[in-house]
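Printed here is target.cif (mmCIF, C-alpha atoms):
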```cif
data_query
loop_
_atom_site.group_PDB
_atom_site.id
_atom_site.type_symbol
_atom_site.label_atom_id
_atom_site.label_comp_id
_atom_site.auth_asym_id
_atom_site.auth_seq_id
_atom_site.Cartn_x
_atom_site.Cartn_y
_atom_site.Cartn_z
ATOM 1 C CA ASP A 230 -5.738 -5.058 20.562
ATOM 2 C CA GLN A 231 -5.242 -3.876 17.004
ATOM 3 C CA GLN A 232 -1.600 -3.173 16.254
ATOM 4 C CA VAL A 233 -2.396 -1.388 12.997
ATOM 5 C CA LYS A 234 -5.181 1.157 13.001
ATOM 6 C CA GLN A 235 -6.862 3.101 10.260
ATOM 7 C CA ASN A 236 -9.086 5.436 12.200
ATOM 8 C CA SER A 237 -11.069 6.812 9.275
ATOM 9 C CA PRO A 238 -13.517 4.210 7.923
ATOM 10 C CA SER A 239 -14.225 6.459 4.944
ATOM 11 C CA LEU A 240 -12.945 9.569 3.205
ATOM 12 C CA SER A 241 -14.512 11.673 0.476
ATOM 13 C CA VAL A 242 -12.310 13.832 -1.793
ATOM 14 C CA GLN A 243 -12.969 15.981 -4.823
ATOM 15 C CA GLU A 244 -11.500 14.757 -8.095
ATOM 16 C CA GLY A 245 -8.185 16.474 -8.795
ATOM 17 C CA ARG A 246 -7.470 17.202 -5.134
ATOM 18 C CA ILE A 247 -5.084 15.406 -2.796
ATOM 19 C CA SER A 248 -6.259 12.339 -0.889
ATOM 20 C CA ILE A 249 -4.467 11.600 2.379
ATOM 21 C CA LEU A 250 -5.050 8.257 4.066
ATOM 22 C CA ASN A 251 -3.625 7.672 7.507
ATOM 23 C CA CYS A 252 -2.414 4.643 9.414
ATOM 24 C CA ASP A 253 -1.078 4.299 12.963
ATOM 25 C CA TYR A 254 0.743 1.371 14.493
ATOM 26 C CA THR A 255 1.736 0.396 18.004
ATOM 27 C CA ASN A 256 4.468 -2.218 17.546
ATOM 28 C CA SER A 257 7.892 -0.584 17.354
ATOM 29 C CA MET A 258 9.298 -3.794 15.851
ATOM 30 C CA PHE A 259 7.430 -3.207 12.591
ATOM 31 C CA ASP A 260 9.973 -2.374 9.902
ATOM 32 C CA TYR A 261 8.120 -2.790 6.625
ATOM 33 C CA PHE A 262 4.852 -1.192 5.630
ATOM 34 C CA LEU A 263 2.559 -1.683 2.679
ATOM 35 C CA TRP A 264 -0.584 -0.227 1.168
ATOM 36 C CA TYR A 265 -3.044 -2.392 -0.722
ATOM 37 C CA LYS A 266 -6.043 -1.255 -2.709
ATOM 38 C CA LYS A 267 -9.275 -3.205 -3.019
ATOM 39 C CA TYR A 268 -12.167 -2.780 -5.419
ATOM 40 C CA PRO A 269 -15.575 -4.366 -4.672
ATOM 41 C CA ALA A 270 -15.785 -8.087 -5.489
ATOM 42 C CA GLU A 271 -12.033 -8.274 -6.045
ATOM 43 C CA GLY A 272 -9.062 -9.222 -3.909
ATOM 44 C CA PRO A 273 -6.610 -6.610 -2.616
ATOM 45 C CA THR A 274 -3.831 -5.542 -4.969
ATOM 46 C CA PHE A 275 -0.444 -4.197 -3.962
ATOM 47 C CA LEU A 276 -0.023 -0.444 -4.287
ATOM 48 C CA ILE A 277 3.152 0.800 -2.619
ATOM 49 C CA SER A 278 5.480 -0.064 0.246
ATOM 50 C CA ILE A 279 8.141 1.500 2.439
ATOM 51 C CA SER A 280 10.951 0.169 4.570
ATOM 52 C CA SER A 281 11.679 1.676 7.976
ATOM 53 C CA ILE A 282 15.072 2.884 6.746
ATOM 54 C CA LYS A 283 13.243 5.420 4.582
ATOM 55 C CA ASP A 284 10.778 8.143 5.403
ATOM 56 C CA LYS A 285 9.284 8.555 1.950
ATOM 57 C CA ASN A 286 8.610 6.437 -1.116
ATOM 58 C CA GLU A 287 7.050 7.702 -4.296
ATOM 59 C CA ASP A 288 5.482 5.921 -7.257
ATOM 60 C CA GLY A 289 3.748 8.161 -9.750
ATOM 61 C CA ARG A 290 0.731 9.784 -8.112
ATOM 62 C CA PHE A 291 1.207 7.767 -4.921
ATOM 63 C CA THR A 292 3.558 8.711 -2.094
ATOM 64 C CA VAL A 293 3.878 7.018 1.276
ATOM 65 C CA PHE A 294 5.366 8.901 4.226
ATOM 66 C CA LEU A 295 6.645 7.185 7.353
ATOM 67 C CA ASN A 296 7.096 8.912 10.705
ATOM 68 C CA LYS A 297 8.732 6.326 12.953
ATOM 69 C CA SER A 298 8.796 8.468 16.081
ATOM 70 C CA ALA A 299 5.037 8.990 15.825
ATOM 71 C CA LYS A 300 4.430 5.422 14.595
ATOM 72 C CA HIS A 301 2.411 6.874 11.779
ATOM 73 C CA LEU A 302 2.310 6.491 8.033
ATOM 74 C CA SER A 303 0.238 8.164 5.396
ATOM 75 C CA LEU A 304 -0.587 7.591 1.753
ATOM 76 C CA HIS A 305 -0.917 10.645 -0.482
ATOM 77 C CA ILE A 306 -2.646 10.451 -3.851
ATOM 78 C CA VAL A 307 -2.142 13.477 -6.082
ATOM 79 C CA PRO A 308 -4.191 14.251 -8.077
ATOM 80 C CA SER A 309 -7.087 12.021 -7.087
ATOM 81 C CA GLN A 310 -8.936 10.334 -9.939
ATOM 82 C CA PRO A 311 -12.314 8.539 -10.081
ATOM 83 C CA GLY A 312 -10.544 5.182 -10.490
ATOM 84 C CA ASP A 313 -8.927 5.711 -7.091
ATOM 85 C CA SER A 314 -12.276 5.089 -5.398
ATOM 86 C CA ALA A 315 -11.607 1.891 -3.454
ATOM 87 C CA VAL A 316 -10.837 0.564 0.010
ATOM 88 C CA TYR A 317 -7.216 1.109 1.042
ATOM 89 C CA PHE A 318 -5.542 -1.203 3.533
ATOM 90 C CA CYS A 319 -2.410 -0.443 5.458
ATOM 91 C CA ALA A 320 -0.311 -3.452 6.566
ATOM 92 C CA ALA A 321 2.881 -3.839 8.582
ATOM 93 C CA SER A 322 5.381 -6.557 9.317
ATOM 94 C CA ALA A 323 8.370 -7.191 11.542
ATOM 95 C CA GLN A 324 11.604 -8.867 10.483
ATOM 96 C CA SER A 325 11.197 -11.383 13.304
ATOM 97 C CA ASN A 326 8.423 -13.334 11.585
ATOM 98 C CA TYR A 327 7.364 -11.390 8.450
ATOM 99 C CA GLN A 328 3.705 -11.856 9.359
ATOM 100 C CA LEU A 329 1.556 -9.111 7.862
ATOM 101 C CA ILE A 330 -0.726 -7.265 10.300
ATOM 102 C CA TRP A 331 -3.510 -5.389 8.537
ATOM 103 C CA GLY A 332 -5.559 -2.325 9.337
ATOM 104 C CA ALA A 333 -9.343 -2.370 8.909
ATOM 105 C CA GLY A 334 -9.233 -0.255 5.756
ATOM 106 C CA THR A 335 -10.388 3.197 4.654
ATOM 107 C CA LYS A 336 -12.980 3.559 1.926
ATOM 108 C CA LEU A 337 -11.948 6.397 -0.397
ATOM 109 C CA ILE A 338 -14.644 8.040 -2.500
ATOM 110 C CA ILE A 339 -13.573 10.417 -5.242
ATOM 111 C CA LYS A 340 -16.347 12.872 -6.123
ATOM 112 C CA PRO A 341 -16.588 14.281 -9.673
ATOM 113 C CA GLU B 57 -2.601 -14.449 -17.166
ATOM 114 C CA ALA B 58 -1.064 -14.593 -13.680
ATOM 115 C CA GLN B 59 -3.813 -15.207 -11.186
ATOM 116 C CA VAL B 60 -5.070 -16.757 -7.989
ATOM 117 C CA THR B 61 -8.395 -18.543 -8.402
ATOM 118 C CA GLN B 62 -10.749 -19.285 -5.545
ATOM 119 C CA ASN B 63 -13.919 -21.353 -5.688
ATOM 120 C CA PRO B 64 -16.692 -20.951 -4.914
ATOM 121 C CA ARG B 65 -17.186 -17.169 -4.868
ATOM 122 C CA TYR B 66 -20.288 -17.436 -2.701
ATOM 123 C CA LEU B 67 -21.403 -20.221 -0.390
ATOM 124 C CA ILE B 68 -24.252 -20.603 2.067
ATOM 125 C CA THR B 69 -24.084 -23.704 4.226
ATOM 126 C CA VAL B 70 -25.494 -25.110 7.434
ATOM 127 C CA THR B 71 -23.734 -25.564 10.731
ATOM 128 C CA GLY B 72 -21.667 -28.743 10.864
ATOM 129 C CA LYS B 73 -21.618 -29.559 7.160
ATOM 130 C CA LYS B 74 -18.031 -29.981 6.016
ATOM 131 C CA LEU B 75 -16.898 -27.752 3.186
ATOM 132 C CA THR B 76 -13.777 -26.990 1.182
ATOM 133 C CA VAL B 77 -12.804 -23.736 -0.482
ATOM 134 C CA THR B 78 -10.288 -24.295 -3.244
ATOM 135 C CA CYS B 79 -7.402 -22.006 -4.148
ATOM 136 C CA SER B 80 -5.087 -22.377 -7.109
ATOM 137 C CA GLN B 81 -2.258 -20.170 -8.419
ATOM 138 C CA ASN B 82 -0.431 -20.319 -11.754
ATOM 139 C CA MET B 83 2.659 -18.297 -10.842
ATOM 140 C CA ASN B 84 4.778 -21.106 -9.343
ATOM 141 C CA HIS B 85 4.756 -19.261 -6.018
ATOM 142 C CA GLU B 86 6.123 -21.038 -2.978
ATOM 143 C CA TYR B 87 4.246 -19.060 -0.328
ATOM 144 C CA MET B 88 0.458 -19.263 -0.003
ATOM 145 C CA SER B 89 -1.887 -18.149 2.731
ATOM 146 C CA TRP B 90 -5.515 -17.830 3.739
ATOM 147 C CA TYR B 91 -7.091 -14.760 5.318
ATOM 148 C CA ARG B 92 -10.491 -13.845 6.621
ATOM 149 C CA GLN B 93 -11.913 -10.340 6.535
ATOM 150 C CA ASP B 94 -14.574 -9.239 8.980
ATOM 151 C CA PRO B 95 -16.257 -5.821 9.369
ATOM 152 C CA GLY B 96 -14.158 -3.367 11.354
ATOM 153 C CA LEU B 97 -11.160 -5.686 11.364
ATOM 154 C CA GLY B 98 -8.231 -6.026 9.047
ATOM 155 C CA LEU B 99 -7.411 -9.192 7.187
ATOM 156 C CA ARG B 100 -6.402 -11.881 9.638
ATOM 157 C CA GLN B 101 -4.245 -14.782 8.598
ATOM 158 C CA ILE B 102 -5.698 -18.248 9.147
ATOM 159 C CA TYR B 103 -2.976 -20.559 7.826
ATOM 160 C CA TYR B 104 0.032 -20.245 5.593
ATOM 161 C CA SER B 105 2.303 -22.561 3.644
ATOM 162 C CA MET B 106 5.969 -21.964 2.872
ATOM 163 C CA ASN B 107 6.095 -24.809 0.334
ATOM 164 C CA VAL B 108 4.658 -28.211 -0.518
ATOM 165 C CA GLU B 109 3.834 -30.208 2.624
ATOM 166 C CA VAL B 110 4.846 -27.268 4.847
ATOM 167 C CA THR B 111 1.940 -25.509 6.555
ATOM 168 C CA ASP B 112 1.631 -23.484 9.735
ATOM 169 C CA LYS B 113 -0.961 -21.663 11.804
ATOM 170 C CA GLY B 114 -1.615 -17.975 11.428
ATOM 171 C CA ASP B 115 -3.466 -15.747 13.875
ATOM 172 C CA VAL B 116 -6.900 -17.399 13.754
ATOM 173 C CA PRO B 117 -6.510 -21.105 12.844
ATOM 174 C CA GLU B 118 -9.204 -22.582 15.109
ATOM 175 C CA GLY B 119 -11.864 -24.460 13.159
ATOM 176 C CA TYR B 120 -9.862 -24.608 9.935
ATOM 177 C CA LYS B 121 -7.558 -27.067 8.207
ATOM 178 C CA VAL B 122 -5.377 -26.736 5.129
ATOM 179 C CA SER B 123 -3.236 -28.963 2.967
ATOM 180 C CA ARG B 124 -0.490 -28.331 0.399
ATOM 181 C CA LYS B 125 0.010 -31.485 -1.598
ATOM 182 C CA GLU B 126 0.913 -29.603 -4.783
ATOM 183 C CA LYS B 127 2.611 -26.264 -5.199
ATOM 184 C CA ARG B 128 -0.276 -24.650 -7.045
ATOM 185 C CA ASN B 129 -3.157 -25.669 -4.744
ATOM 186 C CA PHE B 130 -3.936 -24.684 -1.181
ATOM 187 C CA PRO B 131 -7.469 -25.676 -0.144
ATOM 188 C CA LEU B 132 -9.119 -24.404 3.038
ATOM 189 C CA ILE B 133 -11.208 -26.991 4.865
ATOM 190 C CA LEU B 134 -13.903 -26.322 7.444
ATOM 191 C CA GLU B 135 -14.632 -29.712 9.020
ATOM 192 C CA SER B 136 -17.604 -28.505 11.075
ATOM 193 C CA PRO B 137 -18.502 -24.913 10.158
ATOM 194 C CA SER B 138 -20.125 -22.669 12.753
ATOM 195 C CA PRO B 139 -21.896 -19.299 12.354
ATOM 196 C CA ASN B 140 -18.828 -17.424 13.687
ATOM 197 C CA GLN B 141 -16.988 -18.563 10.569
ATOM 198 C CA THR B 142 -19.313 -16.473 8.418
ATOM 199 C CA SER B 143 -16.831 -14.177 6.724
ATOM 200 C CA LEU B 144 -15.114 -13.100 3.514
ATOM 201 C CA TYR B 145 -12.142 -15.336 2.772
ATOM 202 C CA PHE B 146 -9.109 -14.553 0.639
ATOM 203 C CA CYS B 147 -6.365 -16.791 -0.620
ATOM 204 C CA ALA B 148 -3.027 -15.201 -1.500
ATOM 205 C CA SER B 149 0.256 -16.298 -3.018
ATOM 206 C CA SER B 150 3.720 -14.776 -3.351
ATOM 207 C CA LEU B 151 7.257 -15.789 -4.242
ATOM 208 C CA SER B 152 8.282 -15.819 -0.605
ATOM 209 C CA ARG B 153 7.050 -14.900 2.837
ATOM 210 C CA HIS B 154 9.043 -11.695 2.899
ATOM 211 C CA PRO B 155 6.644 -8.752 2.665
ATOM 212 C CA ASN B 156 8.719 -7.102 -0.062
ATOM 213 C CA THR B 157 7.520 -9.824 -2.445
ATOM 214 C CA GLU B 158 4.155 -8.796 -3.800
ATOM 215 C CA ALA B 159 1.210 -10.890 -2.689
ATOM 216 C CA PHE B 160 -1.454 -11.749 -5.244
ATOM 217 C CA PHE B 161 -4.953 -12.307 -3.943
ATOM 218 C CA GLY B 162 -7.905 -14.294 -5.189
ATOM 219 C CA GLN B 163 -11.261 -12.602 -5.687
ATOM 220 C CA GLY B 164 -12.593 -13.815 -2.356
ATOM 221 C CA THR B 165 -15.164 -16.320 -1.124
ATOM 222 C CA ARG B 166 -18.114 -15.011 0.821
ATOM 223 C CA LEU B 167 -19.188 -17.745 3.225
ATOM 224 C CA THR B 168 -22.389 -17.720 5.253
ATOM 225 C CA VAL B 169 -22.964 -20.414 7.878
ATOM 226 C CA VAL B 170 -26.537 -20.646 9.152
#
```

Output the file's structure in the form of structure tokens.
Amino acid sequence: DQQVKQNSPSLSVQEGRISILNCDYTNSMFDYFLWYKKYPAEGPTFLISISSIKDKNEDGRFTVFLNKSAKHLSLHIVPSQPGDSAVYFCAASAQSNYQLIWGAGTKLIIKP
Amino acid sequence: EAQVTQNPRYLITVTGKKLTVTCSQNMNHEYMSWYRQDPGLGLRQIYYSMNVEVTDKGDVPEGYKVSRKEKRNFPLILESPSPNQTSLYFCASSLSRHPNTEAFFGQGTRLTVV
């Protein structure tokens, strides 16, 4: 049973608009969440993270929101740019063992 | 340039023929790990290493071995590959196991076992 789920395999957004990528988790022990970005033929690269003591973290055009009661987090990209076209992975970990549990990824396509 | 280097990038092999995928990092990181990525699934950890001579199983260790004789190298060994090990493999390194330390990934090794 997947503990971290990204229910949208792909998402298409117009350049300049907001992209919203969603992630749901089932394990209430998760207390640290990360987003990684992956281009074709490359490894994932770290994008942004959030601790469970916060409900929002912002870094330039990227903002991650955490809703602990709903066990849901989202990544907002504003404005979306062509270089944002990539696969985005959500990952979560618990303080008990720090093991990262990954979602299956969402492929974001930014249309010109 | 800080990087994690995996070799080979692509490999097609036959069932039962032993193979090794190499991984090397130049950032003096203590923590290294191997993942596999399969369609519809997230990255799953195969093995990890907290430091030299310290390795442990991840979520899907069956059929794999690792070693950490030097800090910079963490090879993944498939003693007798089977078709269900056809996958995309990533090596990663970070300063520590804590998730707030950024993990750096290699470019991946696409393995096909026929």

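Against this structure, the PyMOL selection byres ((chain B) within 9 of (chain A)) ends up with Gln93, Asp94, Pro95, Gly96, Leu97, Gly98, Leu99, Arg100, Gln101, Gly114, Phe146, Cys147, Ala148, Arg153, His154, Pro155, Asn156, Glu158, Ala159, Phe160, Phe161, Gly162, Gln163 and Gly164 of chain B.
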
File of the preceding selection, C-alpha atoms, as a CSV table (one decimal), in the frame of the given file:
```csv
chain,number,residue,atom,x,y,z
B,93,GLN,CA,-11.9,-10.3,6.5
B,94,ASP,CA,-14.6,-9.2,9.0
B,95,PRO,CA,-16.3,-5.8,9.4
B,96,GLY,CA,-14.2,-3.4,11.4
B,97,LEU,CA,-11.2,-5.7,11.4
B,98,GLY,CA,-8.2,-6.0,9.0
B,99,LEU,CA,-7.4,-9.2,7.2
B,100,ARG,CA,-6.4,-11.9,9.6
B,101,GLN,CA,-4.2,-14.8,8.6
B,114,GLY,CA,-1.6,-18.0,11.4
B,146,PHE,CA,-9.1,-14.6,0.6
B,147,CYS,CA,-6.4,-16.8,-0.6
B,148,ALA,CA,-3.0,-15.2,-1.5
B,153,ARG,CA,7.0,-14.9,2.8
B,154,HIS,CA,9.0,-11.7,2.9
B,155,PRO,CA,6.6,-8.8,2.7
B,156,ASN,CA,8.7,-7.1,-0.1
B,158,GLU,CA,4.2,-8.8,-3.8
B,159,ALA,CA,1.2,-10.9,-2.7
B,160,PHE,CA,-1.5,-11.7,-5.2
B,161,PHE,CA,-5.0,-12.3,-3.9
B,162,GLY,CA,-7.9,-14.3,-5.2
B,163,GLN,CA,-11.3,-12.6,-5.7
B,164,GLY,CA,-12.6,-13.8,-2.4
```

Can you list, as a VMD selection string, the residues that the PyMOL selection byres ((chain A and resi 287) around 12) selects here?
chain A and resid 276 to 279 283 to 286 288 to 295 303 to 307

Explicit residue set for the PyMOL selection byres ((chain B and resi 127) around 7), as JSON, numbers by chain:
{"B": [84, 86, 107, 108, 124, 125, 126, 128, 129]}

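Here CA of Tyr254 in chain A is placed at a distance of 8.4 Å from CA of Leu302 in chain A.
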
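Going from CA of Asn140 in chain B to CA of Thr168 in chain B covers 9.2 Å.
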
Quick one: distance from CA of Tyr120 in chain B to CA of Lys266 in chain A in Å, one decimal?
26.8 Å

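Of the residues under consideration (A:Val316, A:Val242, A:Cys252, A:Ile247), A:Val316 shows the shortest atom-to-atom contact distance to Lys336 in chain A when counting all atoms listed in the file.
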
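Residue nearest Tyr103 in chain B within the list B:Met83, B:Ser138, B:Ile68, B:Tyr145: B:Tyr145 [criterion: smallest interatomic distance, only C-alpha atoms].
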
Using 4 Å of padding on each side, determine the axis-aligned box around all atoms of range 128-133 of chain B present in the file and give its centre and edge lengths in Å to one decimal, as AutoDock Vina command-line options.
```
--center_x -5.7 --center_y -25.7 --center_z -1.1 --size_x 18.9 --size_y 10.6 --size_z 19.9
```
